[in-house]
Each structure stands twice: as structure tokens, then as C-alpha cells.
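**Student:** Quick one, structure-v8.cif (mmCIF, C-alpha atoms):
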data_my_file
loop_
_atom_site.label_atom_id
_atom_site.label_comp_id
_atom_site.auth_asym_id
_atom_site.auth_seq_id
_atom_site.Cartn_x
_atom_site.Cartn_y
_atom_site.Cartn_z
CA MET A 231 193.34 145.45 70.94
CA PRO A 232 193.66 143.75 67.54
CA CYS A 233 192.65 145.60 64.36
CA THR A 234 189.77 143.84 62.63
CA ASP A 235 189.42 144.02 58.84
CA ALA A 236 186.62 146.56 59.33
CA MET A 237 189.00 148.87 61.23
CA ILE A 238 191.53 149.24 58.41
CA GLU A 239 191.59 150.64 54.91
CA VAL A 240 194.04 149.43 52.27
CA ARG A 241 195.00 151.70 49.38
CA ALA A 242 197.16 151.17 46.31
CA GLU A 243 199.28 154.08 45.09
CA THR A 244 201.66 154.66 42.21
CA GLY A 245 204.71 156.92 42.41
CA GLN A 246 203.36 158.77 39.38
CA PRO A 247 200.31 158.17 37.15
CA THR A 248 202.33 157.57 33.95
CA TYR A 249 205.67 155.88 33.40
CA PRO A 250 207.58 155.54 30.12
CA SER A 251 207.73 152.05 28.69
CA GLY A 252 210.71 150.21 30.20
CA ALA A 253 210.64 152.25 33.42
CA ARG A 254 210.46 150.70 36.88
CA PRO A 255 207.29 152.06 38.53
CA GLU A 256 207.13 152.55 42.28
CA LEU A 257 204.01 150.90 43.68
CA ARG A 258 202.80 151.28 47.25
CA LEU A 259 200.47 149.49 49.65
CA VAL A 260 199.11 151.91 52.26
CA VAL A 261 197.33 150.71 55.41
CA THR A 262 195.33 153.18 57.50
CA ASN A 263 193.45 152.61 60.74
CA VAL A 264 190.04 154.16 60.01
CA SER A 265 188.59 153.42 63.45
CA GLY A 266 188.63 155.84 66.36
CA GLN A 267 191.12 153.92 68.51
CA PRO A 268 194.65 152.51 68.23
CA CYS A 269 194.81 148.83 67.41
CA VAL A 270 197.45 146.19 66.66
CA ARG A 271 197.80 144.42 63.29
CA ASP A 272 200.38 141.99 61.95
CA LEU A 273 201.73 143.62 58.78
CA ASP A 274 203.68 140.45 57.90
CA GLY A 275 205.13 140.65 54.40
CA ALA A 276 203.48 137.34 53.52
CA GLN A 277 200.06 138.95 54.17
CA GLN A 278 200.80 141.84 51.80
CA GLU A 279 200.41 141.83 48.04
CA ILE A 280 200.68 144.48 45.37
CA ALA A 281 199.45 143.30 41.98
CA VAL A 282 199.28 144.71 38.46
CA TRP A 283 196.24 143.68 36.44
CA SER A 284 195.27 144.23 32.82
CA GLY A 285 193.30 147.41 32.14
CA ASP A 286 190.02 145.45 32.00
CA GLY A 287 190.79 143.78 35.34
CA ALA A 288 190.53 140.29 33.82
CA THR A 289 194.16 139.14 34.03
CA LYS A 290 196.71 139.40 36.84
CA LEU A 291 200.02 140.22 35.14
CA TRP A 292 202.33 140.59 38.14
CA SER A 293 202.27 140.08 41.89
CA SER A 294 204.80 141.17 44.50
CA ASN A 295 204.46 137.66 45.98
CA ASP A 296 205.21 135.63 42.84
CA CYS A 297 209.01 135.69 43.02
CA SER A 298 209.53 136.50 46.70
CA ASN A 299 207.44 136.04 49.80
CA PRO A 300 209.10 138.04 52.57
CA SER A 301 207.47 136.49 55.63
CA SER A 302 208.20 138.44 58.80
CA ASP A 303 206.40 139.04 62.06
CA ASP A 304 205.62 142.74 62.01
CA LEU A 305 203.14 143.56 64.77
CA ARG A 306 202.34 147.26 64.60
CA THR A 307 200.19 149.56 66.63
CA LEU A 308 198.19 151.51 64.07
CA VAL A 309 197.26 155.00 65.21
CA PRO A 310 193.91 156.22 63.83
CA GLY A 311 194.32 158.18 60.59
CA GLN A 312 198.09 157.61 60.35
CA PRO A 313 198.98 155.72 57.15
CA VAL A 314 201.70 153.07 57.04
CA ALA A 315 203.16 152.57 53.54
CA PHE A 316 205.14 149.74 51.95
CA ALA A 317 206.75 150.39 48.57
CA VAL A 318 208.02 148.05 45.88
CA THR A 319 209.70 148.78 42.58
CA TRP A 320 208.16 146.82 39.74
CA THR A 321 210.56 145.79 36.98
CA GLY A 322 207.78 145.93 34.39
CA LEU A 323 208.06 142.17 33.86
CA ALA A 324 205.07 139.86 34.12
CA SER A 325 205.24 137.04 36.67
CA GLU A 326 203.48 133.86 37.70
CA PRO A 327 203.14 132.23 41.15
CA GLY A 328 206.39 130.59 42.18
CA CYS A 329 208.23 132.72 39.61
CA ALA A 330 207.44 130.02 37.03
CA GLY A 331 207.44 130.61 33.30
CA GLU A 332 209.14 133.19 31.15
CA ARG A 333 209.04 136.76 32.47
CA THR A 334 208.11 139.06 29.61
CA ARG A 335 207.96 142.86 29.65
CA VAL A 336 204.45 144.28 29.60
CA GLY A 337 203.76 146.61 26.71
CA PRO A 338 202.54 150.19 26.68
CA GLY A 339 198.95 150.61 27.84
CA GLY A 340 196.66 151.12 30.78
CA TYR A 341 196.84 148.83 33.80
CA ARG A 342 195.26 148.54 37.26
CA VAL A 343 197.19 148.32 40.50
CA LEU A 344 195.60 146.67 43.53
CA ALA A 345 196.98 146.23 47.03
CA ARG A 346 195.94 143.62 49.58
CA LEU A 347 196.56 143.00 53.27
CA ASP A 348 195.27 139.53 54.12
CA ARG A 349 191.57 139.68 53.09
CA VAL A 350 191.31 143.48 52.73
CA VAL A 351 191.71 144.55 49.10
CA SER A 352 192.06 148.10 47.81
CA GLU A 353 190.17 149.77 45.02
CA PRO A 354 192.14 149.64 41.76
CA VAL A 355 194.23 152.65 40.76
CA PRO A 356 195.24 153.31 37.15
CA LEU A 357 198.80 152.96 35.92
CA LEU A 358 199.70 154.07 32.40
CA MET A 359 202.80 152.72 30.68
CA SER A 360 203.45 154.94 27.65
#
Translate the structure described by the file into C-alpha cells.

**Tutor:**
Amino acid sequence: MPCTDAMIEVRAETGQPTYPSGARPELRLVVTNVSGQPCVRDLDGAQQEIAVWSGDGATKLWSSNDCSNPSSDDLRTLVPGQPVAFAVTWTGLASEPGCAGERTRVGPGGYRVLARLDRVVSEPVPLLMS
């Protein structure tokens, strides 16, 4: 049976809570089936997004989809309670949709990381660039 949005939880994770300025943080999107039964969900790369926002949550600074959009059919059977993780390494450079504009390095400070699978969006997790 297909996984509905209500049957899954999406979480954002960082490899570590603090990275030195200029480092390349590992960011993860984690999908977990929170229902009581196995279900099938397309985890197509084009449906996934990991984004870095300003600390106040007002401005999106970077998105995993801005400069690449890895579309792929990826039908998975999600077993209840068993997380499936997708990791990206962020260069620390800001980006815009279509990879337009100049890519500047974000400065030291506190940021928020959010993950999304289609319409299901995670709670923000903090990321500190020192």
C-alpha cells in the first residue's frame, strides 16, 4: 500500500552541531514510516530537499535542489520505525534556484536546517558555523 504523508515523518540532521567556518557540513534528510504497517513511497531525488535558512528562519540561503535536481524513480518499501537517510555535503556557499547568481560563502553564525520530502517538511534543526 502507498505511504500517505500522515504515515511518514521527515527529520533533518547535521553530522555535528557545530562546524568551523569554511568547513563542509554533512546534512541529512531522514524519512521514517511512523505507521504500524509497511508501505511504499517514491523517494525520488526530485521530491527531496535539504535547505539551510538564516537563524531567524526568514531567508533561505541554500537548497540541495538549486544547482542539481537528481530525479530518479526510487520506490521503497518503508518498514515501520526503520529510518532511511539521504546525506549531502554542503559547500557552505549560498545558492539560488537554477544555480543563478554569485555563490558567496555564508559567514559564521547560527542557521536552521530543514528537510522536505514532497509536502512533508521537518522541524528545523540548528547548525552553528563558528

**Student:** Kindly extract all protein, DNA and RNA residues lying within 10 Å of the coordinates (204.0, 139.1, 53.2) given in the file, considering all atoms listed in the file, and supply them as a PyMOL selection string.

**Tutor:** chain A and resi 272-279+294-295+298-304+346-348

**Student:** Neighbours of Thr262 in chain A within 8 Å (only C-alpha atoms; same-chain residues fewer than 5 positions away dropped), as an MDAnalysis selection string?

**Tutor:** chainID A and resid 238:240 308 310:314

**Student:** Pick out the residues sitting within 12 Å of Gly285 in chain A, and hand them over as a PDB file with C-alpha atoms, in the coordinates of the input; count only C-alpha atoms, and ignore anything fewer than 5 positions along from it in its own chain.

**Tutor:**
ATOM      1  CA  LYS A 290     196.710 139.400  36.840  1.00  0.00           C
ATOM      2  CA  LEU A 291     200.020 140.220  35.140  1.00  0.00           C
ATOM      3  CA  VAL A 336     204.450 144.280  29.600  1.00  0.00           C
ATOM      4  CA  GLY A 337     203.760 146.610  26.710  1.00  0.00           C
ATOM      5  CA  PRO A 338     202.540 150.190  26.680  1.00  0.00           C
ATOM      6  CA  GLY A 339     198.950 150.610  27.840  1.00  0.00           C
ATOM      7  CA  GLY A 340     196.660 151.120  30.780  1.00  0.00           C
ATOM      8  CA  TYR A 341     196.840 148.830  33.800  1.00  0.00           C
ATOM      9  CA  ARG A 342     195.260 148.540  37.260  1.00  0.00           C
ATOM     10  CA  VAL A 343     197.190 148.320  40.500  1.00  0.00           C
ATOM     11  CA  LEU A 344     195.600 146.670  43.530  1.00  0.00           C
ATOM     12  CA  PRO A 354     192.140 149.640  41.760  1.00  0.00           C
ATOM     13  CA  VAL A 355     194.230 152.650  40.760  1.00  0.00           C
ATOM     14  CA  PRO A 356     195.240 153.310  37.150  1.00  0.00           C
ATOM     15  CA  LEU A 357     198.800 152.960  35.920  1.00  0.00           C
ATOM     16  CA  LEU A 358     199.700 154.070  32.400  1.00  0.00           C
ATOM     17  CA  MET A 359     202.800 152.720  30.680  1.00  0.00           C
TER      18      MET A 359
END

**Student:** Restricting the calculation to only C-alpha atoms: of A:Ala317, A:Ala345, A:Ala281, A:Val351, which residue gets closest to Ala242 in chain A?

**Tutor:**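 Smallest separation from Ala242 in chain A among the options: A:Ala345.
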
**Student:** Is it possible to get the axis-aligned box enclosing range 294-310 of chain A (all listed atoms, 5 Å extra per side) as JSON, with centre and edge lengths in Å rounded to one decimal?

**Tutor:**
{"center_x": 201.7, "center_y": 145.9, "center_z": 54.7, "size_x": 25.6, "size_y": 30.6, "size_z": 33.8}

**Student:** Please measure the separation of CA of Ile280 in chain A and CA of Val309 in chain A, giving the value in Å to one decimal.

**Tutor:**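 These two atoms are separated by 22.7 Å.
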
**Student:** So, counting only C-alpha atoms, which residue among A:Thr234, A:Glu243, A:Leu323, A:Asp296 is closest to Pro268 in chain A?

**Tutor:** A:Thr234

**Student:** Could you jot down the CA of Pro255 in chain A to CA of Trp292 in chain A separation for me, Å, one decimal place?

**Tutor:**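 CA of Trp292 in chain A lies 12.5 Å from CA of Pro255 in chain A.
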
**Student:** Kindly give the distance, in Å, that separates CA of Ser293 in chain A and CA of Glu326 in chain A, rounded to a single decimal.

**Tutor:**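 Separation of CA of Ser293 in chain A and CA of Glu326 in chain A: 7.6 Å.
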
**Student:** Using all atoms listed in the file, which residue out of A:Thr319, A:Thr289, A:Ser284, A:Thr307 lies closest to Gly245 in chain A?

**Tutor:**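 Checking each of A:Thr319, A:Thr289, A:Ser284, A:Thr307 against Gly245 in chain A, counting all atoms listed in the file, the winner is A:Thr319.
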